[in-house]
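Okay, structure24.cif is below, mmCIF, C-alpha atoms:
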```cif
data_run
loop_
_atom_site.label_atom_id
_atom_site.label_comp_id
_atom_site.auth_asym_id
_atom_site.auth_seq_id
_atom_site.Cartn_x
_atom_site.Cartn_y
_atom_site.Cartn_z
CA MET S 21 0.00 0.00 0.00
CA ARG S 22 1.36 3.41 -0.94
CA THR S 23 1.10 6.43 1.31
CA ASP S 24 1.16 10.00 0.09
CA SER S 25 4.11 12.36 0.30
CA PRO S 26 2.68 15.79 1.14
CA SER S 27 3.78 18.77 -0.91
CA LYS S 28 4.72 21.97 0.88
CA TRP S 29 1.94 24.28 -0.27
CA LEU S 30 -0.94 21.84 -0.50
CA PRO S 31 -0.29 19.18 2.17
CA SER S 32 -3.67 17.48 1.92
CA PRO S 33 -5.70 18.27 -1.21
CA PHE S 34 -8.79 16.43 0.01
CA LEU S 35 -8.90 18.38 3.29
CA SER S 36 -8.51 21.62 1.32
CA PHE S 37 -11.41 20.67 -0.93
CA LEU S 38 -13.53 19.74 2.09
CA LEU S 39 -12.80 23.06 3.83
CA PHE S 40 -13.70 24.96 0.64
CA VAL S 41 -17.04 23.16 0.30
CA VAL S 42 -17.88 23.40 4.01
CA TRP S 43 -17.22 27.15 4.10
CA LEU S 44 -19.48 27.75 1.09
CA LEU S 45 -22.19 25.50 2.57
CA LEU S 46 -21.99 27.25 5.95
CA ASN S 47 -22.54 30.62 4.34
CA ASN S 48 -24.97 29.17 1.81
CA SER S 49 -23.76 31.49 -0.93
CA LEU S 50 -21.60 31.49 -4.06
CA SER S 51 -20.61 35.16 -4.06
CA ALA S 52 -17.07 36.14 -5.11
CA GLY S 53 -16.09 37.30 -1.62
CA HIS S 54 -16.97 34.01 -0.01
CA ILE S 55 -15.21 32.01 -2.72
CA ILE S 56 -11.98 33.99 -2.20
CA LEU S 57 -12.24 33.59 1.59
CA ALA S 58 -12.89 29.85 1.15
CA VAL S 59 -9.79 29.47 -1.05
CA VAL S 60 -7.66 31.35 1.49
CA LEU S 61 -8.93 29.19 4.36
CA ALA S 62 -8.51 26.00 2.32
CA ILE S 63 -4.83 26.86 1.78
CA ILE S 64 -3.93 28.24 5.23
CA ILE S 65 -5.58 25.68 7.55
CA PRO S 66 -3.94 22.52 6.06
CA ILE S 67 -0.51 24.22 6.20
CA ALA S 68 -1.09 25.27 9.82
CA ILE S 69 -2.06 21.77 10.94
CA SER S 70 0.43 19.83 8.79
CA PRO S 71 2.84 19.19 11.74
CA PHE S 72 0.13 17.03 13.36
CA ARG S 73 -0.50 15.04 10.23
CA THR S 74 0.56 11.45 9.60
CA ASN S 75 0.95 10.09 6.08
CA GLN S 76 -2.36 8.80 4.81
CA PRO S 77 -2.83 5.95 2.33
CA ILE S 78 -3.75 6.93 -1.22
CA VAL S 79 -7.16 6.05 -2.62
CA ALA S 80 -6.03 4.04 -5.61
CA LYS S 81 -9.45 3.49 -7.20
CA PRO S 82 -11.79 6.50 -6.82
CA GLY S 83 -14.50 4.91 -8.99
CA LEU S 84 -14.68 1.84 -6.81
CA ALA S 85 -14.60 4.04 -3.70
CA PHE S 86 -17.65 5.91 -4.95
CA ARG S 87 -19.52 2.66 -5.70
CA HIS S 88 -18.61 1.32 -2.25
CA LEU S 89 -19.95 4.54 -0.69
CA MET S 90 -23.26 4.09 -2.52
CA LEU S 91 -23.45 0.46 -1.36
CA VAL S 92 -22.83 1.53 2.24
CA LEU S 93 -25.49 4.27 2.04
CA TYR S 94 -27.99 1.72 0.71
CA ASP S 95 -27.02 -0.68 3.50
CA ILE S 96 -27.51 2.04 6.10
CA ILE S 97 -31.12 2.46 5.01
CA THR S 98 -31.87 -1.28 5.07
CA ALA S 99 -29.99 -1.59 8.38
CA ASN S 100 -32.17 1.07 9.94
CA VAL S 101 -35.36 -0.66 8.88
CA GLN S 102 -34.07 -4.02 10.16
CA VAL S 103 -32.98 -2.60 13.51
CA ALA S 104 -36.29 -0.76 13.87
CA ILE S 105 -38.15 -4.05 13.32
CA LEU S 106 -35.90 -5.85 15.82
CA ILE S 107 -36.43 -3.10 18.41
CA LEU S 108 -40.19 -3.04 18.05
CA GLY S 109 -40.44 -6.84 18.06
CA PRO S 110 -40.29 -8.98 21.21
CA THR S 111 -36.94 -8.55 22.95
CA ARG S 112 -37.04 -11.96 24.60
CA LYS S 113 -36.30 -13.73 21.32
CA LEU S 114 -33.18 -11.70 20.52
CA THR S 115 -29.86 -13.52 20.89
CA PRO S 116 -27.09 -10.94 21.27
CA GLY S 117 -23.46 -11.94 21.00
CA PHE S 118 -19.86 -10.82 20.67
CA VAL S 119 -18.02 -11.92 17.52
CA LYS S 120 -14.33 -11.64 16.73
CA VAL S 121 -13.66 -10.90 13.06
CA PRO S 122 -10.09 -11.55 11.84
CA LEU S 123 -8.83 -8.63 9.77
CA ASP S 124 -6.61 -8.66 6.69
CA LEU S 125 -6.21 -4.88 6.76
CA THR S 126 -3.14 -3.54 8.51
CA HIS S 127 -3.17 0.26 8.23
CA SER S 128 -5.21 2.20 10.77
CA THR S 129 -7.15 4.36 8.27
CA PRO S 130 -8.84 1.45 6.41
CA ILE S 131 -9.50 -0.24 9.77
CA THR S 132 -11.20 2.93 11.04
CA ILE S 133 -13.35 3.10 7.92
CA LEU S 134 -14.26 -0.59 8.25
CA ALA S 135 -15.16 -0.21 11.94
CA SER S 136 -17.37 2.79 11.16
CA THR S 137 -19.17 1.00 8.32
CA VAL S 138 -19.75 -2.01 10.55
CA SER S 139 -21.23 0.29 13.21
CA LEU S 140 -23.65 1.80 10.72
CA THR S 141 -24.81 -1.41 9.03
CA PRO S 142 -27.25 -4.19 10.04
CA GLY S 143 -27.42 -5.08 13.71
CA THR S 144 -23.70 -4.76 14.47
CA VAL S 145 -21.62 -2.28 16.48
CA SER S 146 -17.83 -2.47 16.43
CA ALA S 147 -16.43 -2.52 19.94
CA GLU S 148 -12.69 -3.01 19.91
CA VAL S 149 -9.64 -3.71 17.77
CA TYR S 150 -7.35 -6.42 19.14
CA PRO S 151 -4.51 -6.62 20.03
CA TRP S 152 -4.49 -3.53 22.20
CA GLU S 153 -2.49 -0.68 20.77
CA GLU S 154 -1.11 0.05 24.25
CA SER S 155 0.19 -3.49 24.71
CA LEU S 156 2.35 -3.33 21.58
CA GLU S 157 5.94 -2.18 21.49
CA GLU S 158 6.84 0.87 19.41
CA SER S 159 6.34 0.14 15.67
CA GLU S 160 5.75 -3.54 16.39
CA GLU S 161 3.41 -5.25 13.90
CA PRO S 162 1.00 -7.81 15.39
CA GLU S 163 0.54 -11.05 13.47
CA GLN S 164 -3.21 -10.88 13.22
CA ARG S 165 -5.64 -8.11 14.11
CA TYR S 166 -9.21 -8.76 15.22
CA LEU S 167 -12.26 -6.57 15.26
CA LEU S 168 -14.62 -7.29 18.15
CA ILE S 169 -18.23 -6.56 17.23
CA HIS S 170 -21.45 -6.76 19.18
CA VAL S 171 -24.37 -8.26 17.27
CA LEU S 172 -27.97 -7.51 18.23
CA ASN S 173 -29.37 -10.77 16.88
CA LEU S 174 -26.70 -13.40 16.24
CA GLU S 175 -27.91 -16.29 14.12
CA ASP S 176 -24.94 -17.67 12.18
CA GLU S 177 -21.54 -16.49 13.35
CA GLN S 178 -19.54 -17.77 10.37
CA ALA S 179 -21.98 -16.36 7.82
CA LEU S 180 -21.79 -12.95 9.49
CA ILE S 181 -17.97 -12.97 9.44
CA ASN S 182 -18.01 -13.95 5.75
CA THR S 183 -20.49 -11.17 4.91
CA ILE S 184 -18.40 -8.53 6.63
CA LYS S 185 -15.19 -9.74 5.00
CA GLN S 186 -16.62 -10.00 1.49
CA ARG S 187 -19.02 -7.08 1.46
CA TYR S 188 -17.04 -4.42 3.32
CA GLU S 189 -13.43 -5.49 3.78
CA ALA S 190 -12.60 -6.77 0.28
CA PRO S 191 -13.63 -3.51 -1.49
CA LEU S 192 -11.59 -1.51 1.05
CA MET S 193 -8.51 -3.61 0.33
CA GLU S 194 -9.09 -3.06 -3.36
CA ILE S 195 -9.57 0.69 -2.90
CA PHE S 196 -6.40 1.19 -0.86
CA GLN S 197 -4.41 -1.47 -2.75
CA CYS S 198 -3.09 -3.35 0.26
CA MET F 7 -46.61 19.06 -3.95
CA PHE F 8 -43.56 19.89 -1.82
CA GLU F 9 -45.78 19.87 1.27
CA TRP F 10 -46.40 16.18 0.70
CA ILE F 11 -42.70 15.38 0.37
CA VAL F 12 -41.86 17.41 3.49
CA SER F 13 -44.66 15.80 5.49
CA ILE F 14 -43.70 12.25 4.55
CA LEU F 15 -40.01 12.84 5.27
CA LEU F 16 -40.88 14.47 8.60
CA LEU F 17 -43.09 11.57 9.65
CA ILE F 18 -40.48 8.95 8.67
CA GLY F 19 -37.76 10.89 10.48
CA GLY F 20 -39.83 11.38 13.61
CA ALA F 21 -40.76 7.69 13.63
CA PHE F 22 -37.10 6.60 13.41
CA VAL F 23 -36.03 9.00 16.18
CA LEU F 24 -38.87 7.66 18.36
CA VAL F 25 -37.90 4.04 17.60
CA GLY F 26 -34.31 4.80 18.62
CA SER F 27 -35.48 6.14 21.97
CA ILE F 28 -37.87 3.22 22.47
CA GLY F 29 -34.90 0.91 21.94
CA LEU F 30 -32.98 2.89 24.54
CA VAL F 31 -35.68 2.21 27.13
CA LYS F 32 -36.82 -1.27 26.11
CA MET F 33 -33.61 -3.26 25.66
CA PRO F 34 -32.36 -5.31 28.65
CA ASP F 35 -28.63 -4.49 28.68
CA PHE F 36 -26.29 -1.67 27.69
CA PHE F 37 -24.81 -3.30 24.60
CA MET F 38 -28.24 -3.90 23.09
CA ARG F 39 -29.39 -0.41 24.00
CA LEU F 40 -26.52 1.04 22.00
CA HIS F 41 -27.95 -0.28 18.71
CA GLY F 42 -31.08 1.86 18.75
CA PRO F 43 -29.62 5.35 19.14
CA THR F 44 -26.54 4.82 16.94
CA LYS F 45 -28.48 3.53 13.94
CA ALA F 46 -32.11 4.52 14.00
CA THR F 47 -31.27 8.07 15.00
CA THR F 48 -28.84 8.57 12.12
CA LEU F 49 -31.42 7.84 9.43
CA GLY F 50 -34.13 9.67 11.37
CA MET F 51 -32.04 12.82 11.57
CA ALA F 52 -31.08 12.51 7.89
CA CYS F 53 -34.79 12.39 6.97
CA LEU F 54 -35.66 15.37 9.20
CA LEU F 55 -32.80 17.45 7.79
CA THR F 56 -33.71 16.58 4.19
CA ALA F 57 -37.28 17.65 4.98
CA SER F 58 -35.98 20.95 6.33
CA MET F 59 -33.82 21.38 3.21
CA VAL F 60 -36.77 20.86 0.88
CA PHE F 61 -38.95 23.16 3.01
CA PHE F 62 -36.54 26.11 3.07
CA SER F 63 -35.58 25.70 -0.59
CA ASN F 64 -39.25 26.16 -1.45
CA THR F 65 -40.26 28.89 0.98
CA GLN F 66 -37.18 31.08 0.65
CA ALA F 67 -35.69 32.65 -2.43
CA ASP F 68 -32.42 30.71 -2.70
CA LEU F 69 -31.50 27.05 -2.39
CA SER F 70 -30.81 25.89 1.15
CA MET F 71 -28.03 23.32 1.27
CA LYS F 72 -26.48 23.77 4.68
CA GLU F 73 -28.56 21.04 6.34
CA ILE F 74 -26.33 18.57 4.47
CA LEU F 75 -23.55 19.64 6.84
CA ILE F 76 -25.40 18.47 9.96
CA SER F 77 -26.40 15.19 8.28
CA LEU F 78 -22.81 14.48 7.25
CA PHE F 79 -21.52 15.47 10.67
CA LEU F 80 -23.95 13.14 12.45
CA LEU F 81 -23.19 10.33 9.99
CA LEU F 82 -19.46 10.65 10.66
CA THR F 83 -19.66 11.04 14.43
CA ALA F 84 -22.33 8.45 15.32
CA PRO F 85 -19.99 5.42 14.93
CA ILE F 86 -17.18 7.17 16.78
CA SER F 87 -19.21 8.13 19.83
CA GLY F 88 -20.76 4.63 19.80
CA TYR F 89 -17.29 3.12 19.72
CA MET F 90 -16.12 5.28 22.62
CA MET F 91 -19.17 4.35 24.69
CA ILE F 92 -18.89 0.60 24.10
CA LYS F 93 -15.15 0.80 24.86
CA SER F 94 -15.77 2.49 28.19
CA ALA F 95 -18.56 -0.01 28.96
CA ILE F 96 -16.19 -2.93 28.34
CA HIS F 97 -13.51 -1.23 30.43
CA HIS F 98 -15.95 -0.85 33.33
CA LYS F 99 -17.15 -4.46 32.90
CA VAL F 100 -20.79 -3.53 32.42
CA GLU F 101 -22.93 -6.68 32.75
CA SER F 102 -24.41 -8.11 29.56
CA ILE F 103 -27.46 -10.35 29.85
CA GLU F 104 -27.17 -14.10 30.44
CA ARG F 105 -27.87 -15.33 26.93
CA THR F 106 -25.13 -13.23 25.27
CA GLN F 107 -22.97 -15.53 23.18
CA GLY F 108 -19.20 -15.39 22.84
CA LYS F 109 -18.51 -13.46 26.03
CA ASP F 110 -15.02 -15.00 26.16
CA ASN F 111 -14.16 -13.07 22.99
CA ILE F 112 -13.73 -10.02 25.23
CA GLU F 113 -10.11 -9.71 26.29
CA ASP F 114 -8.99 -8.07 29.51
CA ASP F 115 -7.53 -4.66 28.94
CA VAL F 116 -4.13 -3.49 30.08
CA MET L 6 -51.58 20.18 6.47
CA LEU L 7 -47.91 20.84 7.16
CA GLU L 8 -48.73 22.55 10.46
CA THR L 9 -50.50 19.42 11.71
CA VAL L 10 -47.64 17.17 10.63
CA ILE L 11 -45.10 19.41 12.34
CA LEU L 12 -47.18 19.26 15.53
CA ILE L 13 -47.32 15.45 15.37
CA VAL L 14 -43.55 15.20 14.87
CA PHE L 15 -43.05 17.67 17.75
CA ALA L 16 -45.02 15.25 19.93
CA MET L 17 -42.97 12.26 18.72
CA ILE L 18 -39.68 13.95 19.54
CA GLY L 19 -41.05 15.17 22.86
CA ILE L 20 -41.90 11.58 23.79
CA SER L 21 -38.41 10.44 22.74
CA LEU L 22 -36.87 13.12 24.95
CA ILE L 23 -38.95 11.93 27.91
CA LEU L 24 -37.85 8.32 27.28
CA ASN L 25 -34.22 9.47 27.13
CA LEU L 26 -34.66 11.40 30.36
CA TRP L 27 -36.05 8.27 32.02
CA ARG L 28 -32.98 6.29 30.96
CA LEU L 29 -30.73 9.15 32.13
CA LEU L 30 -32.30 9.07 35.59
CA VAL L 31 -32.60 5.28 35.97
CA GLY L 32 -29.17 4.32 34.68
CA PRO L 33 -28.15 1.73 35.90
CA SER L 34 -24.54 2.11 34.75
CA THR L 35 -22.58 5.24 33.82
CA PRO L 36 -22.24 4.34 30.08
CA ASP L 37 -26.05 4.06 29.99
CA ARG L 38 -26.36 7.63 31.22
CA ILE L 39 -23.80 8.85 28.68
CA LEU L 40 -25.75 7.12 25.92
CA ALA L 41 -28.98 8.72 27.09
CA LEU L 42 -27.34 12.15 27.17
CA ASP L 43 -25.89 11.67 23.67
CA THR L 44 -29.31 10.70 22.32
CA MET L 45 -30.84 13.72 24.05
CA TYR L 46 -28.36 15.98 22.23
CA ILE L 47 -29.36 14.53 18.86
CA ASN L 48 -33.07 14.73 19.65
CA SER L 49 -32.75 18.35 20.70
CA ILE L 50 -31.16 19.09 17.30
CA ALA L 51 -34.28 17.58 15.74
CA LEU L 52 -36.45 19.75 18.00
CA ILE L 53 -34.60 22.94 17.01
CA ILE L 54 -34.79 22.14 13.29
CA LEU L 55 -38.53 21.54 13.66
CA TYR L 56 -39.01 24.78 15.58
CA GLY L 57 -37.18 26.62 12.81
CA MET L 58 -39.52 25.08 10.25
CA SER L 59 -42.66 25.93 12.21
CA SER L 60 -41.59 29.55 12.68
CA GLY L 61 -40.33 29.82 9.11
CA THR L 62 -36.77 31.05 9.75
CA SER L 63 -33.53 29.22 9.02
CA LEU L 64 -31.75 31.20 11.76
CA TYR L 65 -31.83 28.27 14.16
CA PHE L 66 -29.60 26.21 11.91
CA GLU L 67 -26.39 27.55 13.47
CA ALA L 68 -27.63 26.64 16.94
CA ALA L 69 -28.33 23.10 15.74
CA LEU L 70 -24.84 22.78 14.26
CA LEU L 71 -23.26 24.03 17.50
CA ILE L 72 -25.28 21.55 19.58
CA ALA L 73 -24.21 18.72 17.24
CA MET L 74 -20.53 19.61 17.66
CA LEU L 75 -20.67 20.21 21.42
CA GLY L 76 -22.66 17.01 21.90
CA PHE L 77 -20.12 14.90 20.07
CA VAL L 78 -17.11 16.46 21.81
CA SER L 79 -18.64 16.17 25.28
CA THR L 80 -19.66 12.53 24.73
CA VAL L 81 -16.14 11.63 23.64
CA ALA L 82 -14.63 13.62 26.53
CA VAL L 83 -16.78 11.91 29.16
CA CYS L 84 -16.02 8.47 27.65
CA LYS L 85 -12.33 9.27 27.61
CA TYR L 86 -12.55 10.29 31.26
CA LEU L 87 -14.23 6.98 32.13
CA LEU L 88 -11.62 5.04 30.18
CA ARG L 89 -8.40 6.66 31.33
CA GLY L 90 -9.31 8.81 34.36
CA ASP L 91 -8.08 11.80 32.41
CA ILE L 92 -9.16 13.65 29.28
CA ILE L 93 -5.88 14.96 27.89
CA GLU L 94 -2.92 12.92 29.05
#
```
So that I can check it, write out the structure of this file as structure tokens.
Amino acid sequence: MRTDSPSKWLPSPFLSFLLFVVWLLLNNSLSAGHIILAVVLAIIIPIAISPFRTNQPIVAKPGLAFRHLMLVLYDIITANVQVAILILGPTRKLTPGFVKVPLDLTHSTPITILASTVSLTPGTVSAEVYPWEESLEESEEPEQRYLLIHVLNLEDEQALINTIKQRYEAPLMEIFQC
Amino acid sequence: MFEWIVSILLLIGGAFVLVGSIGLVKMPDFFMRLHGPTKATTLGMACLLTASMVFFSNTQADLSMKEILISLFLLLTAPISGYMMIKSAIHHKVESIERTQGKDNIEDDV
Amino acid sequence: MLETVILIVFAMIGISLILNLWRLLVGPSTPDRILALDTMYINSIALIILYGMSSGTSLYFEAALLIAMLGFVSTVAVCKYLLRGDIIE
């Protein structure tokens, strides 16, 4: 997996773009004054915070990233309906459980994205990434990472692990090329 | 016409927010309670904010897009605050109900 | 028609806030109370957006954005305090 090498004047182009859009949305206008102010802010803020920045992995396939985003948004809607049905139904029949999902991802950014998607999609909330970051030596790489998730209604543990790995983790590995 | 769209979006949004809070009260242990507010509320708020966007775009002269900001913000922060809460619950060894499977998957923290 | 719908949704969110308040008071554990408080923040955003719609001004939007940000930061800060006994180490 490749990570970016920030240039001096535009350390993080995506953050600059985001700041530009957010400023225009906040003011809800497209007048020349606001556009100039947005450009100035989008250049100054990333330079000011660049000392705190760690190198981020490059999105190798933007098209696939966009399709994955659409899939996740669709899943969020179905997840909400499913969870609403589970909540309104009888609670006595629910079988909650903790499941450990082995991860193939190694970098922290894709793992964060995966944990967030898992939290937003059907009946699962990500709880922890093992092994503990604090228990590792400096720059030591653990052999295998696990994601602990809590499931609201656990029916088939292996099927759930396979779904998460195929539906959410495989596209992320493709997107970040790792 | 836009009144219909706004009304339907408002009702869906309000229903999801209400379902999230019902889950908060109804579920037997903390880990199950977490599911309602983190998920149902996200979509509920997205519906309410879209309704507000459509409403103000129609009643006021210019397009109103800034509600997207709150929706995006809530979408990004809901998993993170949920993660922090479940982490602190595990750290404090909050009891989960009897029939929870795979409790031994939880490791002791350092 | 819209006025009636807004009133109904006001009632729905009011009920949710009462349910959250019940969970906040009853507990039983501290993470439960944090969760209830976090949900109350989000529901109050909904309430403010609705109030803005019923009074026809978009001025309340900034207040809603501020509550969203403060709610998130305070939830994370309280959780961090529970986890480590300190917020900024």
Would you kindly report the residues of chain S within 12 Å of chain L, using all atoms listed in the file, as a compact mmCIF listing (two decimals) with C-alpha atoms, in the frame of the given file?
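Everything below was put into result_11.txt:
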```
# COMPACT_ATOMS: atom_id res chain seq x y z
CA LEU S 45 -22.19 25.50 2.57
CA LEU S 46 -21.99 27.25 5.95
CA ASN S 47 -22.54 30.62 4.34
CA ASN S 48 -24.97 29.17 1.81
```
Ala68 of chain L environment, 9 Å, only C-alpha atoms, sequence neighbours closer than 4 positions dropped, as a ChimeraX atom specification: /L:50,53,64,72-73
Proximal residues of chain F relative to chain S (only C-alpha atoms; 9 Å) as a PyMOL selection string: chain F and resi 22+25-26+28-29+32-34+37-38+40-42+44-50+68-75+81-82+84-86+88-93+96+103+105-113+115-116
Nearby residues (only C-alpha atoms) at most 12 Å from Pro31 of chain S, same-chain spacing under 5 positions excluded, as number ranges by chain: S: 24-26, 36-37, 62-76
With the PyMOL selection byres ((chain L) within 8 of (chain F)) as the selection, what would be picked from this file? Answer as a JSON list (two decimals) with C-alpha atoms, keeping the file's coordinate frame, please.
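Here's the written file expr19.json:
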```json
[["chain", "number", "residue", "atom", "x", "y", "z"],
["L", 6, "MET", "CA", -51.58, 20.18, 6.47],
["L", 7, "LEU", "CA", -47.91, 20.84, 7.16],
["L", 10, "VAL", "CA", -47.64, 17.17, 10.63],
["L", 11, "ILE", "CA", -45.10, 19.41, 12.34],
["L", 14, "VAL", "CA", -43.55, 15.20, 14.87],
["L", 17, "MET", "CA", -42.97, 12.26, 18.72],
["L", 18, "ILE", "CA", -39.68, 13.95, 19.54],
["L", 20, "ILE", "CA", -41.90, 11.58, 23.79],
["L", 21, "SER", "CA", -38.41, 10.44, 22.74],
["L", 22, "LEU", "CA", -36.87, 13.12, 24.95],
["L", 24, "LEU", "CA", -37.85, 8.32, 27.28],
["L", 25, "ASN", "CA", -34.22, 9.47, 27.13],
["L", 27, "TRP", "CA", -36.05, 8.27, 32.02],
["L", 28, "ARG", "CA", -32.98, 6.29, 30.96],
["L", 34, "SER", "CA", -24.54, 2.11, 34.75],
["L", 36, "PRO", "CA", -22.24, 4.34, 30.08],
["L", 37, "ASP", "CA", -26.05, 4.06, 29.99],
["L", 39, "ILE", "CA", -23.80, 8.85, 28.68],
["L", 40, "LEU", "CA", -25.75, 7.12, 25.92],
["L", 41, "ALA", "CA", -28.98, 8.72, 27.09],
["L", 44, "THR", "CA", -29.31, 10.70, 22.32],
["L", 47, "ILE", "CA", -29.36, 14.53, 18.86],
["L", 48, "ASN", "CA", -33.07, 14.73, 19.65],
["L", 51, "ALA", "CA", -34.28, 17.58, 15.74],
["L", 54, "ILE", "CA", -34.79, 22.14, 13.29],
["L", 55, "LEU", "CA", -38.53, 21.54, 13.66],
["L", 58, "MET", "CA", -39.52, 25.08, 10.25],
["L", 63, "SER", "CA", -33.53, 29.22, 9.02],
["L", 66, "PHE", "CA", -29.60, 26.21, 11.91],
["L", 69, "ALA", "CA", -28.33, 23.10, 15.74],
["L", 70, "LEU", "CA", -24.84, 22.78, 14.26],
["L", 73, "ALA", "CA", -24.21, 18.72, 17.24],
["L", 77, "PHE", "CA", -20.12, 14.90, 20.07],
["L", 80, "THR", "CA", -19.66, 12.53, 24.73],
["L", 81, "VAL", "CA", -16.14, 11.63, 23.64],
["L", 84, "CYS", "CA", -16.02, 8.47, 27.65],
["L", 85, "LYS", "CA", -12.33, 9.27, 27.61],
["L", 87, "LEU", "CA", -14.23, 6.98, 32.13],
["L", 88, "LEU", "CA", -11.62, 5.04, 30.18]]
```
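Atom CA of Ile92 of chain L lies 16.5 Å from atom CA of Thr35 of chain L.
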d(atom CA of Glu8 of chain L, atom CA of Ser60 of chain L) in Å: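 A separation of 10.2 Å between them.
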Coordinates-based distance that separates atom CA of Leu91 of chain S from atom CA of Lys185 of chain S (Å, one decimal):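 About the pair atom CA of Lys185 of chain S and atom CA of Leu91 of chain S: they are 14.6 Å apart.
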Long-range neighbours of Pro130 of chain S as a list of chain:residue names, 12 Å cut-off, only C-alpha atoms, 2 positions minimum in chain: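 Non-adjacent residues within range: S:Met21, S:Gln76, S:Pro77, S:Ile78, S:Val79, S:Ala85, S:Leu123, S:Asp124, S:Leu125, S:Thr126, S:His127, S:Ser128, S:Thr132, S:Ile133, S:Leu134, S:Ala135, S:Ser136, S:Thr137, S:Tyr188, S:Glu189, S:Ala190, S:Pro191, S:Leu192, S:Met193, S:Glu194, S:Ile195, S:Phe196, S:Gln197, S:Cys198.
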Export, as a PDB file, in the frame of the given file, the selected residues with C-alpha atoms.
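Ended up saving to part_16.pdb:
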```pdb
ATOM      1  CA  MET S  21       0.000   0.000   0.000  1.00  0.00           C
ATOM      2  CA  GLN S  76      -2.360   8.800   4.810  1.00  0.00           C
ATOM      3  CA  PRO S  77      -2.830   5.950   2.330  1.00  0.00           C
ATOM      4  CA  ILE S  78      -3.750   6.930  -1.220  1.00  0.00           C
ATOM      5  CA  VAL S  79      -7.160   6.050  -2.620  1.00  0.00           C
ATOM      6  CA  ALA S  85     -14.600   4.040  -3.700  1.00  0.00           C
ATOM      7  CA  LEU S 123      -8.830  -8.630   9.770  1.00  0.00           C
ATOM      8  CA  ASP S 124      -6.610  -8.660   6.690  1.00  0.00           C
ATOM      9  CA  LEU S 125      -6.210  -4.880   6.760  1.00  0.00           C
ATOM     10  CA  THR S 126      -3.140  -3.540   8.510  1.00  0.00           C
ATOM     11  CA  HIS S 127      -3.170   0.260   8.230  1.00  0.00           C
ATOM     12  CA  SER S 128      -5.210   2.200  10.770  1.00  0.00           C
ATOM     13  CA  THR S 132     -11.200   2.930  11.040  1.00  0.00           C
ATOM     14  CA  ILE S 133     -13.350   3.100   7.920  1.00  0.00           C
ATOM     15  CA  LEU S 134     -14.260  -0.590   8.250  1.00  0.00           C
ATOM     16  CA  ALA S 135     -15.160  -0.210  11.940  1.00  0.00           C
ATOM     17  CA  SER S 136     -17.370   2.790  11.160  1.00  0.00           C
ATOM     18  CA  THR S 137     -19.170   1.000   8.320  1.00  0.00           C
ATOM     19  CA  TYR S 188     -17.040  -4.420   3.320  1.00  0.00           C
ATOM     20  CA  GLU S 189     -13.430  -5.490   3.780  1.00  0.00           C
ATOM     21  CA  ALA S 190     -12.600  -6.770   0.280  1.00  0.00           C
ATOM     22  CA  PRO S 191     -13.630  -3.510  -1.490  1.00  0.00           C
ATOM     23  CA  LEU S 192     -11.590  -1.510   1.050  1.00  0.00           C
ATOM     24  CA  MET S 193      -8.510  -3.610   0.330  1.00  0.00           C
ATOM     25  CA  GLU S 194      -9.090  -3.060  -3.360  1.00  0.00           C
ATOM     26  CA  ILE S 195      -9.570   0.690  -2.900  1.00  0.00           C
ATOM     27  CA  PHE S 196      -6.400   1.190  -0.860  1.00  0.00           C
ATOM     28  CA  GLN S 197      -4.410  -1.470  -2.750  1.00  0.00           C
ATOM     29  CA  CYS S 198      -3.090  -3.350   0.260  1.00  0.00           C
TER      30      CYS S 198
END
```
Show which residues sit within 7 Å of Val121 of chain S, as a compact mmCIF listing (two decimals) with C-alpha atoms, in the frame of the given file. Count only C-alpha atoms, and ignore same-chain residues fewer than 6 positions away.
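Contents of the output file out_2.txt:
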```
# COMPACT_ATOMS: atom_id res chain seq x y z
CA TYR S 166 -9.21 -8.76 15.22
CA LEU S 167 -12.26 -6.57 15.26
CA LEU S 168 -14.62 -7.29 18.15
CA ILE S 181 -17.97 -12.97 9.44
```
Incomplete segment 26-33 of chain L filled out to N, CA and C atoms as a PDB file, in the frame of the given file:
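In the end it all went to result-v4.pdb:
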```
ATOM      1  N   LEU L  26     -34.826  10.869  29.008  1.00  0.00           N
ATOM      2  CA  LEU L  26     -34.660  11.400  30.360  1.00  0.00           C
ATOM      3  C   LEU L  26     -34.847  10.291  31.387  1.00  0.00           C
ATOM      4  N   TRP L  27     -35.822   9.390  31.110  1.00  0.00           N
ATOM      5  CA  TRP L  27     -36.050   8.270  32.020  1.00  0.00           C
ATOM      6  C   TRP L  27     -34.793   7.406  32.115  1.00  0.00           C
ATOM      7  N   ARG L  28     -34.192   7.116  30.953  1.00  0.00           N
ATOM      8  CA  ARG L  28     -32.980   6.290  30.960  1.00  0.00           C
ATOM      9  C   ARG L  28     -31.842   7.024  31.662  1.00  0.00           C
ATOM     10  N   LEU L  29     -31.786   8.347  31.479  1.00  0.00           N
ATOM     11  CA  LEU L  29     -30.730   9.150  32.130  1.00  0.00           C
ATOM     12  C   LEU L  29     -30.862   9.077  33.642  1.00  0.00           C
ATOM     13  N   LEU L  30     -32.105   9.088  34.144  1.00  0.00           N
ATOM     14  CA  LEU L  30     -32.300   9.070  35.590  1.00  0.00           C
ATOM     15  C   LEU L  30     -32.127   7.672  36.164  1.00  0.00           C
ATOM     16  N   VAL L  31     -32.590   6.638  35.416  1.00  0.00           N
ATOM     17  CA  VAL L  31     -32.600   5.280  35.970  1.00  0.00           C
ATOM     18  C   VAL L  31     -31.232   4.630  35.876  1.00  0.00           C
ATOM     19  N   GLY L  32     -30.504   4.912  34.833  1.00  0.00           N
ATOM     20  CA  GLY L  32     -29.170   4.320  34.680  1.00  0.00           C
ATOM     21  C   GLY L  32     -29.233   2.962  34.012  1.00  0.00           C
ATOM     22  N   PRO L  33     -28.792   1.858  34.599  1.00  0.00           N
ATOM     23  CA  PRO L  33     -28.150   1.730  35.900  1.00  0.00           C
ATOM     24  C   PRO L  33     -26.657   2.050  35.889  1.00  0.00           C
TER      25      PRO L  33
END
```
